[in-house]
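Just query.cif here, mmCIF, C-alpha atoms:
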```cif
data_query
#
loop_
_atom_site.label_atom_id
_atom_site.label_comp_id
_atom_site.auth_asym_id
_atom_site.auth_seq_id
_atom_site.Cartn_x
_atom_site.Cartn_y
_atom_site.Cartn_z
CA MET W 1 -73.80 -63.97 2.15
CA LYS W 2 -75.43 -66.29 4.72
CA PHE W 3 -72.96 -69.03 3.72
CA LEU W 4 -69.98 -66.70 4.23
CA LYS W 5 -71.25 -65.64 7.66
CA LYS W 6 -71.70 -69.26 8.71
CA THR W 7 -68.22 -70.17 7.41
CA LEU W 8 -66.66 -67.26 9.27
CA LYS W 9 -68.48 -68.25 12.44
CA TYR W 10 -67.15 -71.81 12.26
CA LEU W 11 -63.62 -70.57 11.52
CA ILE W 12 -63.72 -68.33 14.60
CA ILE W 13 -65.00 -71.22 16.73
CA LEU W 14 -62.24 -73.48 15.35
CA LEU W 15 -59.61 -70.84 16.08
CA VAL W 16 -60.84 -70.44 19.66
CA VAL W 17 -60.80 -74.22 20.16
CA VAL W 18 -57.27 -74.53 18.74
CA ILE W 19 -55.97 -71.72 20.96
CA GLY W 20 -57.69 -73.28 23.95
CA LEU W 21 -56.08 -76.63 23.24
CA LEU W 22 -52.66 -75.01 22.99
CA TYR W 23 -53.06 -73.55 26.47
CA ILE W 24 -54.50 -76.78 27.89
CA THR W 25 -51.59 -78.81 26.48
CA ASP W 26 -48.98 -76.19 27.54
CA THR W 27 -47.95 -75.57 23.94
CA ASP W 28 -49.17 -71.97 23.78
CA TYR W 29 -45.58 -70.93 23.03
CA LEU W 30 -46.45 -71.90 19.44
CA LEU W 31 -48.65 -68.80 19.23
CA LYS W 32 -45.56 -66.68 19.81
CA ALA W 33 -43.66 -68.72 17.23
CA VAL W 34 -46.35 -68.11 14.62
CA ARG W 35 -46.55 -64.41 15.44
CA THR W 36 -42.82 -63.66 15.51
CA ILE W 37 -41.41 -66.07 12.91
CA TYR W 38 -43.83 -67.89 10.65
CA MET W 39 -46.22 -65.01 9.94
CA ARG W 40 -43.20 -62.94 8.90
CA GLY W 41 -42.25 -65.40 6.18
CA HIS W 42 -39.53 -67.33 8.02
CA THR W 43 -39.24 -71.01 8.90
CA THR W 44 -36.66 -70.54 11.65
CA ALA W 45 -35.13 -67.78 13.76
CA TYR W 46 -33.55 -64.99 11.72
CA LEU W 47 -31.01 -62.18 12.07
CA GLU W 48 -33.35 -59.39 13.11
CA ASP W 49 -35.93 -61.35 15.07
CA TYR W 50 -34.68 -59.76 18.30
CA LYS W 51 -36.92 -56.80 17.47
CA HIS W 52 -39.95 -58.96 18.28
CA PHE W 53 -38.78 -60.35 21.63
CA ASP W 54 -38.09 -58.96 25.09
CA ASN W 55 -34.47 -57.85 25.49
CA GLN W 56 -32.10 -56.46 28.08
CA LYS W 57 -29.53 -53.85 27.09
CA ILE W 58 -25.82 -54.32 27.64
CA GLN W 59 -24.17 -50.92 27.50
CA ALA W 60 -21.11 -50.02 25.47
CA SER W 61 -17.86 -49.23 27.21
CA ASP W 62 -17.55 -45.97 29.08
CA ASN W 63 -14.27 -45.58 27.19
CA PRO W 64 -14.89 -47.22 23.81
CA ILE W 65 -11.83 -48.12 21.79
CA ALA W 66 -12.10 -48.27 18.01
CA TRP W 67 -10.16 -50.97 16.22
CA PRO W 68 -7.00 -49.54 14.61
CA ILE W 69 -7.04 -49.41 10.81
CA HIS W 70 -4.32 -51.46 9.11
CA LYS W 71 -2.03 -49.61 6.70
CA ALA W 72 -3.22 -52.01 3.98
CA TYR W 73 -6.90 -51.48 4.83
CA ASN W 74 -9.26 -52.70 2.10
CA GLY W 75 -6.36 -52.84 -0.32
CA VAL W 76 -7.66 -55.97 -2.05
CA GLU W 77 -11.02 -57.07 -3.41
CA THR W 78 -12.89 -60.14 -2.34
CA THR W 79 -12.06 -63.20 -4.38
CA GLU W 80 -14.57 -64.42 -6.95
CA ARG W 81 -15.26 -67.50 -4.88
CA LEU W 82 -15.97 -65.35 -1.82
CA LYS W 83 -18.17 -62.97 -3.80
CA LYS W 84 -20.29 -65.89 -4.93
CA ALA W 85 -20.54 -67.29 -1.41
CA ASN W 86 -21.52 -63.89 -0.03
CA SER W 87 -24.24 -63.62 -2.64
CA ASP W 88 -25.48 -67.21 -2.39
CA TRP W 89 -25.65 -67.29 1.39
CA GLY W 90 -26.61 -63.72 2.18
CA THR W 91 -23.52 -62.44 3.96
CA ILE W 92 -24.13 -59.15 5.79
CA ALA W 93 -20.62 -58.64 7.21
CA TYR W 94 -17.18 -60.00 6.35
CA VAL W 95 -14.23 -58.68 8.34
CA ILE W 96 -10.56 -59.67 8.48
CA ILE W 97 -8.47 -58.41 11.40
CA LYS W 98 -4.70 -58.76 11.04
CA ASN W 99 -2.31 -57.99 13.90
CA ASP W 100 -5.26 -56.47 15.80
CA SER W 101 -6.03 -53.94 13.05
CA ILE W 102 -8.92 -53.91 10.60
CA TRP W 103 -7.37 -55.20 7.40
CA PHE W 104 -10.56 -55.70 5.41
CA GLU W 105 -14.26 -55.09 5.95
CA GLU W 106 -17.37 -55.13 3.80
CA TYR W 107 -21.07 -55.00 4.66
CA TYR W 108 -24.04 -56.00 2.53
CA ASP W 109 -27.83 -56.07 2.23
CA GLY W 110 -28.33 -52.70 3.92
CA PHE W 111 -26.28 -53.59 7.03
CA ASP W 112 -23.29 -51.54 8.15
CA GLU W 113 -20.55 -51.72 10.78
CA ASN W 114 -22.93 -50.70 13.58
CA SER W 115 -25.97 -52.77 12.54
CA LYS W 116 -27.29 -55.27 15.05
CA SER W 117 -27.94 -58.89 14.13
CA ASN W 118 -28.54 -62.07 16.10
CA SER W 119 -25.40 -63.84 17.31
CA PHE W 120 -27.32 -67.09 17.75
CA SER W 121 -25.03 -69.72 19.32
CA MET W 122 -21.93 -67.53 19.31
CA ALA W 123 -23.43 -66.48 22.66
CA LYS W 124 -22.40 -69.88 24.04
CA SER W 125 -18.74 -68.81 23.95
CA TYR W 126 -19.57 -65.75 26.04
CA VAL W 127 -21.42 -67.87 28.60
CA SER W 128 -18.51 -70.30 28.87
CA GLY W 129 -16.17 -67.33 29.30
CA LEU W 130 -18.43 -66.01 32.07
CA MET W 131 -18.15 -69.39 33.77
CA GLY W 132 -14.37 -69.02 33.67
CA LYS W 133 -14.71 -65.51 35.07
CA ALA W 134 -16.98 -66.77 37.86
CA ILE W 135 -14.36 -69.36 38.79
CA GLN W 136 -11.69 -66.67 38.69
CA ASP W 137 -13.84 -64.37 40.86
CA GLY W 138 -14.43 -67.13 43.42
CA TYR W 139 -18.15 -67.60 42.81
CA ILE W 140 -17.68 -71.13 41.45
CA LYS W 141 -15.07 -73.47 42.94
CA SER W 142 -13.95 -75.18 39.75
CA LEU W 143 -15.10 -76.93 36.59
CA ASP W 144 -15.73 -79.97 38.79
CA GLN W 145 -18.29 -78.33 41.09
CA PRO W 146 -21.64 -80.16 40.89
CA VAL W 147 -24.54 -78.44 39.17
CA CYS W 148 -26.66 -79.68 42.08
CA ASP W 149 -24.96 -77.08 44.31
CA PHE W 150 -26.82 -74.41 42.35
CA LEU W 151 -29.86 -76.03 40.72
CA PRO W 152 -31.96 -78.25 43.07
CA ALA W 153 -33.83 -79.79 40.12
CA PHE W 154 -30.62 -81.67 39.24
CA CYS W 155 -29.91 -83.40 42.54
CA GLN W 156 -31.42 -86.83 41.88
CA GLY W 157 -29.93 -89.98 40.42
CA ASN W 158 -27.23 -89.50 37.79
CA THR W 159 -27.79 -85.74 37.75
CA VAL W 160 -25.76 -85.38 40.96
CA LYS W 161 -22.68 -86.32 38.91
CA MET W 162 -23.22 -83.47 36.44
CA THR W 163 -20.60 -80.73 36.83
CA VAL W 164 -20.32 -77.13 35.74
CA GLY W 165 -17.60 -78.21 33.31
CA ASP W 166 -19.90 -80.82 31.79
CA LEU W 167 -22.32 -78.05 30.84
CA SER W 168 -19.63 -75.92 29.20
CA SER W 169 -18.22 -78.87 27.25
CA MET W 170 -21.65 -80.17 26.14
CA ALA W 171 -21.47 -83.39 28.12
CA SER W 172 -24.48 -83.13 30.43
CA GLY W 173 -26.08 -86.41 29.37
CA THR W 174 -29.58 -84.88 29.34
CA ASN W 175 -32.37 -85.68 26.90
CA TRP W 176 -32.22 -82.27 25.20
CA ASP W 177 -33.25 -82.55 21.53
CA GLU W 178 -31.42 -80.08 19.26
CA ALA W 179 -34.12 -79.80 16.58
CA TYR W 180 -34.44 -76.31 15.11
CA TYR W 181 -37.25 -76.88 12.63
CA SER W 182 -39.62 -79.01 14.69
CA PRO W 183 -42.32 -76.87 16.33
CA LEU W 184 -42.71 -79.36 19.17
CA SER W 185 -39.02 -79.80 20.07
CA ILE W 186 -37.62 -78.49 23.34
CA THR W 187 -35.31 -76.24 21.32
CA THR W 188 -38.31 -74.50 19.79
CA ARG W 189 -40.10 -74.33 23.15
CA ALA W 190 -37.02 -72.78 24.77
CA TYR W 191 -36.87 -70.12 22.06
CA PHE W 192 -40.47 -69.00 22.50
CA ASP W 193 -41.58 -70.01 26.01
CA ASP W 194 -41.92 -67.15 28.51
CA ASP W 195 -40.64 -69.26 31.45
CA LEU W 196 -37.32 -70.74 30.37
CA ALA W 197 -36.28 -71.95 33.84
CA LYS W 198 -39.39 -74.16 34.00
CA VAL W 199 -38.48 -75.67 30.63
CA MET W 200 -34.92 -76.38 31.74
CA ASN W 201 -35.87 -77.85 35.09
CA GLY W 202 -37.96 -80.44 33.27
CA LEU W 203 -34.95 -82.02 31.56
CA LYS W 204 -34.18 -85.68 32.33
CA MET W 205 -30.97 -87.66 32.23
CA LYS W 206 -30.42 -89.91 29.22
CA THR W 207 -26.79 -90.96 29.68
CA GLU W 208 -24.19 -90.57 32.39
CA PRO W 209 -22.80 -87.01 32.43
CA GLY W 210 -19.19 -86.18 31.69
CA LYS W 211 -18.59 -89.09 29.33
CA ALA W 212 -19.06 -87.74 25.80
CA PHE W 213 -19.73 -84.62 23.75
CA LYS W 214 -23.26 -84.11 22.44
CA TYR W 215 -24.20 -80.69 21.13
CA ALA W 216 -27.07 -79.39 23.28
CA SER W 217 -28.11 -75.77 23.67
CA GLY W 218 -29.79 -76.73 26.92
CA ASP W 219 -26.36 -77.28 28.51
CA THR W 220 -25.48 -73.63 27.99
CA GLN W 221 -28.87 -72.51 29.29
CA MET W 222 -28.36 -74.51 32.48
CA LEU W 223 -24.85 -73.07 32.75
CA ALA W 224 -26.30 -69.56 32.66
CA MET W 225 -28.68 -70.45 35.47
CA VAL W 226 -25.73 -71.81 37.46
CA ILE W 227 -23.72 -68.61 36.92
CA GLU W 228 -26.63 -66.39 37.95
CA LYS W 229 -27.20 -68.45 41.10
CA ALA W 230 -23.48 -68.48 41.94
CA THR W 231 -22.87 -64.77 41.38
CA GLY W 232 -26.23 -63.37 42.42
CA LYS W 233 -26.10 -61.28 39.23
CA LYS W 234 -28.17 -61.24 36.07
CA LEU W 235 -26.08 -62.70 33.27
CA TYR W 236 -26.42 -59.61 31.08
CA HIS W 237 -25.03 -57.46 33.91
CA TYR W 238 -22.18 -59.91 34.48
CA LEU W 239 -21.31 -59.88 30.77
CA GLU W 240 -21.37 -56.10 30.73
CA GLU W 241 -19.03 -55.71 33.70
CA SER W 242 -16.75 -58.67 32.93
CA PHE W 243 -16.21 -58.37 29.18
CA TRP W 244 -18.37 -55.96 27.22
CA LYS W 245 -17.19 -52.76 28.87
CA PRO W 246 -13.61 -53.86 29.69
CA LEU W 247 -13.02 -54.82 26.04
CA GLY W 248 -13.84 -51.29 24.90
CA SER W 249 -16.99 -52.21 22.99
CA GLU W 250 -18.31 -49.32 20.89
CA ASN W 251 -21.96 -50.31 20.69
CA ASP W 252 -24.75 -51.24 23.07
CA VAL W 253 -26.10 -54.72 22.46
CA LEU W 254 -29.31 -56.51 23.35
CA TRP W 255 -29.64 -59.96 24.91
CA GLN W 256 -33.00 -61.66 24.50
CA VAL W 257 -34.80 -62.77 27.66
CA ASP W 258 -37.68 -65.21 27.99
CA SER W 259 -40.03 -62.49 29.25
CA ASP W 260 -40.06 -59.29 31.25
CA ASP W 261 -41.59 -61.22 34.16
CA HIS W 262 -38.97 -63.98 34.43
CA ASP W 263 -36.04 -62.06 32.93
CA LEU W 264 -33.83 -65.06 32.15
CA VAL W 265 -31.52 -64.62 29.16
CA LYS W 266 -31.65 -67.04 26.27
CA ALA W 267 -28.08 -67.90 27.10
CA TYR W 268 -27.59 -70.41 24.28
CA CYS W 269 -28.18 -67.67 21.72
CA CYS W 270 -29.49 -64.26 20.91
CA ILE W 271 -27.09 -61.40 21.57
CA ALA W 272 -27.91 -58.71 19.02
CA GLY W 273 -24.62 -57.03 18.17
CA ASN W 274 -22.22 -56.29 15.31
CA ALA W 275 -19.18 -57.88 13.71
CA LYS W 276 -16.40 -55.73 15.14
CA ASP W 277 -17.68 -55.84 18.70
CA PHE W 278 -18.16 -59.61 18.48
CA ALA W 279 -14.55 -59.79 17.26
CA ARG W 280 -13.31 -58.36 20.56
CA PHE W 281 -14.12 -61.60 22.37
CA GLY W 282 -12.22 -63.46 19.67
CA LYS W 283 -9.22 -61.24 20.31
CA LEU W 284 -9.45 -61.93 24.05
CA TYR W 285 -9.18 -65.68 23.41
CA LYS W 286 -6.60 -65.22 20.66
CA ASP W 287 -4.43 -63.46 23.23
CA TYR W 288 -5.13 -66.07 25.91
CA GLY W 289 -7.25 -63.86 28.15
CA LYS W 290 -5.12 -60.73 27.98
CA TRP W 291 -6.47 -57.36 26.83
CA ASN W 292 -4.20 -54.34 26.45
CA GLY W 293 -1.73 -55.79 28.90
CA GLU W 294 -4.32 -56.78 31.52
CA GLN W 295 -5.10 -60.43 32.23
CA ILE W 296 -8.90 -60.26 32.15
CA LEU W 297 -9.47 -64.01 31.89
CA ASP W 298 -7.17 -66.68 33.27
CA SER W 299 -4.84 -67.93 30.52
CA SER W 300 -4.96 -71.56 31.66
CA PHE W 301 -8.76 -71.48 31.41
CA VAL W 302 -8.54 -70.10 27.86
CA VAL W 303 -6.09 -72.83 26.87
CA LYS W 304 -8.43 -75.46 28.29
CA SER W 305 -11.37 -73.88 26.48
CA ILE W 306 -9.74 -74.13 23.06
CA THR W 307 -8.48 -77.69 23.59
CA PRO W 308 -10.72 -80.73 22.96
CA ARG W 309 -12.05 -82.24 26.18
CA PHE W 310 -12.77 -85.62 24.60
CA PRO W 311 -10.22 -87.13 22.16
CA GLU W 312 -13.06 -88.72 20.16
CA SER W 313 -14.62 -85.25 19.69
CA PRO W 314 -11.73 -83.02 18.57
CA GLU W 315 -14.14 -80.37 17.27
CA TYR W 316 -15.15 -78.96 20.68
CA GLY W 317 -13.52 -77.69 23.85
CA TYR W 318 -15.33 -75.59 26.45
CA GLY W 319 -17.69 -73.26 24.59
CA TRP W 320 -15.41 -73.07 21.52
CA TRP W 321 -15.31 -74.97 18.24
CA LEU W 322 -12.00 -76.25 16.82
CA LYS W 323 -11.20 -77.01 13.18
CA ASP W 324 -8.07 -77.76 11.15
CA VAL W 325 -7.88 -76.04 7.77
CA GLY W 326 -4.78 -76.04 5.56
CA GLY W 327 -2.58 -77.46 8.32
CA LYS W 328 -3.58 -74.75 10.80
CA ASN W 329 -5.85 -75.06 13.81
CA PHE W 330 -8.65 -72.50 14.00
CA LYS W 331 -10.82 -71.82 17.02
CA MET W 332 -14.26 -70.31 16.57
CA MET W 333 -17.50 -69.00 17.94
CA ARG W 334 -20.33 -70.44 15.83
CA GLY W 335 -23.98 -69.54 15.43
CA HIS W 336 -27.07 -70.68 13.54
CA LEU W 337 -27.26 -69.63 9.86
CA GLY W 338 -23.52 -69.03 9.64
CA GLN W 339 -22.43 -66.53 12.28
CA TYR W 340 -18.68 -66.94 12.89
CA VAL W 341 -15.82 -65.37 14.80
CA ILE W 342 -12.75 -67.38 13.79
CA ILE W 343 -9.30 -66.94 15.34
CA GLN W 344 -5.84 -68.20 14.47
CA PRO W 345 -3.51 -67.15 17.32
CA GLU W 346 -0.21 -68.11 15.65
CA ASP W 347 -0.98 -65.96 12.60
CA ASN W 348 -2.65 -63.24 14.70
CA ILE W 349 -5.75 -63.36 12.48
CA ILE W 350 -9.45 -62.91 13.26
CA ILE W 351 -12.15 -63.54 10.63
CA VAL W 352 -15.76 -62.53 11.23
CA ARG W 353 -18.65 -63.52 8.99
CA LEU W 354 -22.31 -62.76 9.71
CA GLY W 355 -25.19 -63.58 7.40
CA HIS W 356 -28.63 -64.92 6.60
CA GLN W 357 -27.61 -68.46 5.63
CA LYS W 358 -24.80 -70.98 5.61
CA SER W 359 -24.00 -73.69 3.10
CA PRO W 360 -26.31 -76.71 3.21
CA ASP W 361 -26.20 -78.25 6.67
CA ASN W 362 -24.37 -81.50 7.38
CA GLY W 363 -26.42 -82.07 10.54
CA ILE W 364 -26.50 -80.60 14.02
CA GLY W 365 -23.04 -79.93 15.38
CA GLN W 366 -21.30 -80.73 12.09
CA PHE W 367 -19.04 -78.28 10.26
CA THR W 368 -20.45 -76.91 7.03
CA LYS W 369 -18.28 -76.23 3.98
CA ASP W 370 -18.74 -72.46 4.15
CA ILE W 371 -16.47 -72.27 7.21
CA THR W 372 -13.51 -73.63 5.26
CA LEU W 373 -14.34 -71.31 2.37
CA TYR W 374 -14.37 -68.17 4.53
CA ILE W 375 -11.00 -69.14 5.99
CA GLU W 376 -9.36 -70.14 2.69
CA GLU W 377 -10.49 -67.02 0.86
CA ALA W 378 -9.36 -64.74 3.70
CA TYR W 379 -5.91 -66.31 3.52
CA LYS W 380 -5.82 -65.91 -0.26
CA MET W 381 -6.67 -62.24 0.13
CA LEU W 382 -3.96 -61.93 2.78
CA GLY W 383 -1.46 -63.58 0.46
CA LYS W 384 -0.77 -66.39 2.91
#
```
Rewrite the coordinates I just gave you, this time as structure tokens.
Amino acid sequence: MKFLKKTLKYLIILLVVVIGLLYITDTDYLLKAVRTIYMRGHTTAYLEDYKHFDNQKIQASDNPIAWPIHKAYNGVETTERLKKANSDWGTIAYVIIKNDSIWFEEYYDGFDENSKSNSFSMAKSYVSGLMGKAIQDGYIKSLDQPVCDFLPAFCQGNTVKMTVGDLSSMASGTNWDEAYYSPLSITTRAYFDDDLAKVMNGLKMKTEPGKAFKYASGDTQMLAMVIEKATGKKLYHYLEESFWKPLGSENDVLWQVDSDDHDLVKAYCCIAGNAKDFARFGKLYKDYGKWNGEQILDSSFVVKSITPRFPESPEYGYGWWLKDVGGKNFKMMRGHLGQYVIIQPEDNIIIVRLGHQKSPDNGIGQFTKDITLYIEEAYKMLGK
């Protein structure tokens, strides 16, 4: 008994010392990581982790509009290949929208059409769209306006060359390290730190901005800070008034913030919503910024967004991913663990897949094979 008491005493002392060191070294965000992720059996962020973070609510439309149901609704079964993929990678929602009507939908693992799950990096497309809206509304002059006009921390050396458009197209040139599974990476710190602006303002320049694409969540986070400074509005309010309500969204959603005190959205990720409401933003871009006859977002901005900025990086435009499959060009919102809203404007098709996993990763910013599978099997089901 005496041995156990002594062991417990030393363990408590060790724990106090470790916690103290975390605070002294400014890595106390790891305590939040352990509490919200690792102690719950996960090694990375997961679909329902929003329940354990601070959030701000974005309200549904005052006049919600349900998606029309296609006359051939759920008239076919999922293909065997798709069934296996859904099982292997934990799909929770798979939706095909044809000619702006729900043609097929299935939900799995206890989720339904109204269930919330983490968008992860699909949020980047919303932030880029809000940049376009801010330009349209006159808050930002153009894609070429310097970031320095809004964020004083980026007014020295090469940072003065960084533009708003560089942030949207992932060409900031900063030293952001996109490492999801390293507890000491800036990506992990940004996810758990309660003062996200402080984290972002500490970024340094690595290469000249505006020269090349490099996937970096920090670019979108800086872009959000720019938009908030330019508009004088919290980003979740600006999303609500610019897109969420005007697009007739049926459900409230939650956007994670760093903390109640600082109230800065995790702009590179973390909108907790559902498949059919996420699909509305895909429809907006599919229709080049028009919604029910109203031009909500400038069509020339949408075209620019879904066109590669850099010829050597044909996979990315401004906040949107681009991929050729079967001779067709698809544009998509993409998120960690395989969250996708995929559009094909010429065929008037939207495909949404949400789930717990994706096929084995090819590396940060690389397309995984599951994307092609979800597209190919949707087209087989459609008979195309």
>> Residue by residue, what does the PyMOL selection byres ((chain W and resi 175) around 6) grab here? Present the result as a list in words.
In response: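 After applying the PyMOL selection byres ((chain W and resi 175) around 6), what remains is Thr174, Trp176, Lys204, Met205 and Lys206 of chain W.
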> range 231-239 of chain W: which residues within 12 Å, counting all atoms listed in the file, same-chain residues fewer than 5 positions away excluded, as an NGL selection string?
Replying inline: :W and (55-61 or 123 or 125-141 or 150 or 221 or 223-226 or 244-247 or 249 or 252-257 or 262-268 or 270-271 or 281)
>> Neighbouring residues of Phe104 in chain W were defined as those with any atom within 10 Å, considering all atoms listed in the file; residues of the same chain fewer than 4 positions away were excluded. Please report them as a list in words.
In response: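 Everything that qualifies: Ile69, His70, Ala72, Tyr73, Asn74, Gly75, Val76, Glu77, Thr78, Tyr94, Val95, Ile96, Ile97, Lys98, Ile351, Ala378, Met381 and Leu382 of chain W.
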>> Just to confirm, what's the straight-line distance from CA of Gly383 in chain W to CA of Glu315 in chain W in Å (one decimal)?
In response: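 Value for the CA of Gly383 in chain W-CA of Glu315 in chain W distance: 26.9 Å.
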Identify the residues around (-41.7, -75.3, 11.0) within a radius of 7 Å, measuring from only C-alpha atoms in the coordinates stated by the file, and give them as a tab-separated table (two decimals) with C-alpha atoms, keeping the file's coordinate frame.
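That gives us out.tsv:
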```tsv
chain	number	residue	atom	x	y	z
W	43	THR	CA	-39.24	-71.01	8.90
W	44	THR	CA	-36.66	-70.54	11.65
W	181	TYR	CA	-37.25	-76.88	12.63
W	182	SER	CA	-39.62	-79.01	14.69
W	183	PRO	CA	-42.32	-76.87	16.33
```
Determine the residue membership of the PyMOL selection byres ((chain W and resi 345-350) around 12) for the file above and supply it as a short mmCIF file (atom, residue, chain, number, x, y, z; two decimals) with C-alpha atoms, in the frame of the given file.
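Printed below is expr13.cif as written:
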```cif
data_model
loop_
_atom_site.label_atom_id
_atom_site.label_comp_id
_atom_site.auth_asym_id
_atom_site.auth_seq_id
_atom_site.Cartn_x
_atom_site.Cartn_y
_atom_site.Cartn_z
CA TYR W 94 -17.18 -60.00 6.35
CA VAL W 95 -14.23 -58.68 8.34
CA ILE W 96 -10.56 -59.67 8.48
CA ILE W 97 -8.47 -58.41 11.40
CA LYS W 98 -4.70 -58.76 11.04
CA ASN W 99 -2.31 -57.99 13.90
CA ASP W 100 -5.26 -56.47 15.80
CA SER W 101 -6.03 -53.94 13.05
CA ILE W 102 -8.92 -53.91 10.60
CA TRP W 103 -7.37 -55.20 7.40
CA PHE W 104 -10.56 -55.70 5.41
CA GLU W 105 -14.26 -55.09 5.95
CA ALA W 275 -19.18 -57.88 13.71
CA LYS W 276 -16.40 -55.73 15.14
CA PHE W 278 -18.16 -59.61 18.48
CA ALA W 279 -14.55 -59.79 17.26
CA ARG W 280 -13.31 -58.36 20.56
CA PHE W 281 -14.12 -61.60 22.37
CA GLY W 282 -12.22 -63.46 19.67
CA LYS W 283 -9.22 -61.24 20.31
CA LEU W 284 -9.45 -61.93 24.05
CA TYR W 285 -9.18 -65.68 23.41
CA LYS W 286 -6.60 -65.22 20.66
CA ASP W 287 -4.43 -63.46 23.23
CA TYR W 288 -5.13 -66.07 25.91
CA GLY W 289 -7.25 -63.86 28.15
CA VAL W 303 -6.09 -72.83 26.87
CA ILE W 306 -9.74 -74.13 23.06
CA LYS W 328 -3.58 -74.75 10.80
CA ASN W 329 -5.85 -75.06 13.81
CA PHE W 330 -8.65 -72.50 14.00
CA LYS W 331 -10.82 -71.82 17.02
CA MET W 332 -14.26 -70.31 16.57
CA MET W 333 -17.50 -69.00 17.94
CA TYR W 340 -18.68 -66.94 12.89
CA VAL W 341 -15.82 -65.37 14.80
CA ILE W 342 -12.75 -67.38 13.79
CA ILE W 343 -9.30 -66.94 15.34
CA GLN W 344 -5.84 -68.20 14.47
CA ILE W 351 -12.15 -63.54 10.63
CA VAL W 352 -15.76 -62.53 11.23
CA ARG W 353 -18.65 -63.52 8.99
CA TYR W 374 -14.37 -68.17 4.53
CA ILE W 375 -11.00 -69.14 5.99
CA ALA W 378 -9.36 -64.74 3.70
CA TYR W 379 -5.91 -66.31 3.52
CA LEU W 382 -3.96 -61.93 2.78
CA LYS W 384 -0.77 -66.39 2.91
#
```
>> Evaluate the PyMOL selection byres ((chain W and resi 85) around 12) against this structure - the residues, as a ChimeraX atom specification, please.
In response: /W:78-84,86-92,94,338,353,355-360,369-374,377
> If you measure from CA of Lys116 in chain W to CA of Cys269 in chain W, what distance in Å do you get, rounded to one decimal?
Replying inline: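 Taking CA of Lys116 in chain W and CA of Cys269 in chain W, their separation equals 14.1 Å.
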> Expressed in Å to a single decimal, how great is the separation between CA of Asp166 in chain W and CA of Asp298 in chain W?
Replying inline: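 Distance between the two atoms: 19.1 Å.
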> Which one is closest to Ala216 in chain W: W:Pro146, W:Gly173, W:Gly248, W:Gly41? Count all atoms listed in the file.
Replying inline: W:Gly173
> Got a sec: who's within 12 Å of Ser185 in chain W, counting all atoms listed in the file, leaving out chain neighbours fewer than 2 positions off, as JSON, numbers by chain?
Replying inline: {"W": [27, 29, 30, 175, 176, 177, 178, 179, 180, 181, 182, 183, 187, 188, 189, 190, 191, 192, 193, 199, 218]}
For Asn274 in chain W, list every protein, DNA or RNA residue within 6 Å, evaluated using only C-alpha atoms, and leave out those in the same chain fewer than 3 positions away; present the list as a PDB file with C-alpha atoms, in the frame of the given file.
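Saved the output as selection_31.pdb:
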```
ATOM      1  CA  ASN W 114     -22.930 -50.700  13.580  1.00  0.00           C
ATOM      2  CA  SER W 115     -25.970 -52.770  12.540  1.00  0.00           C
ATOM      3  CA  LYS W 116     -27.290 -55.270  15.050  1.00  0.00           C
ATOM      4  CA  ASP W 277     -17.680 -55.840  18.700  1.00  0.00           C
TER       5      ASP W 277
END
```
List every protein, DNA or RNA residue that has an atom no more than 10 Å from (-23.2, -76.5, 42.4) in the file's coordinate frame, counting only C-alpha atoms, and report them as a tab-separated table (two decimals) with C-alpha atoms, in the coordinates of the input.
```tsv
chain	number	residue	atom	x	y	z
W	140	ILE	CA	-17.68	-71.13	41.45
W	141	LYS	CA	-15.07	-73.47	42.94
W	142	SER	CA	-13.95	-75.18	39.75
W	143	LEU	CA	-15.10	-76.93	36.59
W	144	ASP	CA	-15.73	-79.97	38.79
W	145	GLN	CA	-18.29	-78.33	41.09
W	146	PRO	CA	-21.64	-80.16	40.89
W	147	VAL	CA	-24.54	-78.44	39.17
W	148	CYS	CA	-26.66	-79.68	42.08
W	149	ASP	CA	-24.96	-77.08	44.31
W	150	PHE	CA	-26.82	-74.41	42.35
W	151	LEU	CA	-29.86	-76.03	40.72
W	152	PRO	CA	-31.96	-78.25	43.07
W	154	PHE	CA	-30.62	-81.67	39.24
W	155	CYS	CA	-29.91	-83.40	42.54
W	160	VAL	CA	-25.76	-85.38	40.96
W	162	MET	CA	-23.22	-83.47	36.44
W	163	THR	CA	-20.60	-80.73	36.83
W	164	VAL	CA	-20.32	-77.13	35.74
W	226	VAL	CA	-25.73	-71.81	37.46
W	227	ILE	CA	-23.72	-68.61	36.92
W	229	LYS	CA	-27.20	-68.45	41.10
W	230	ALA	CA	-23.48	-68.48	41.94
```
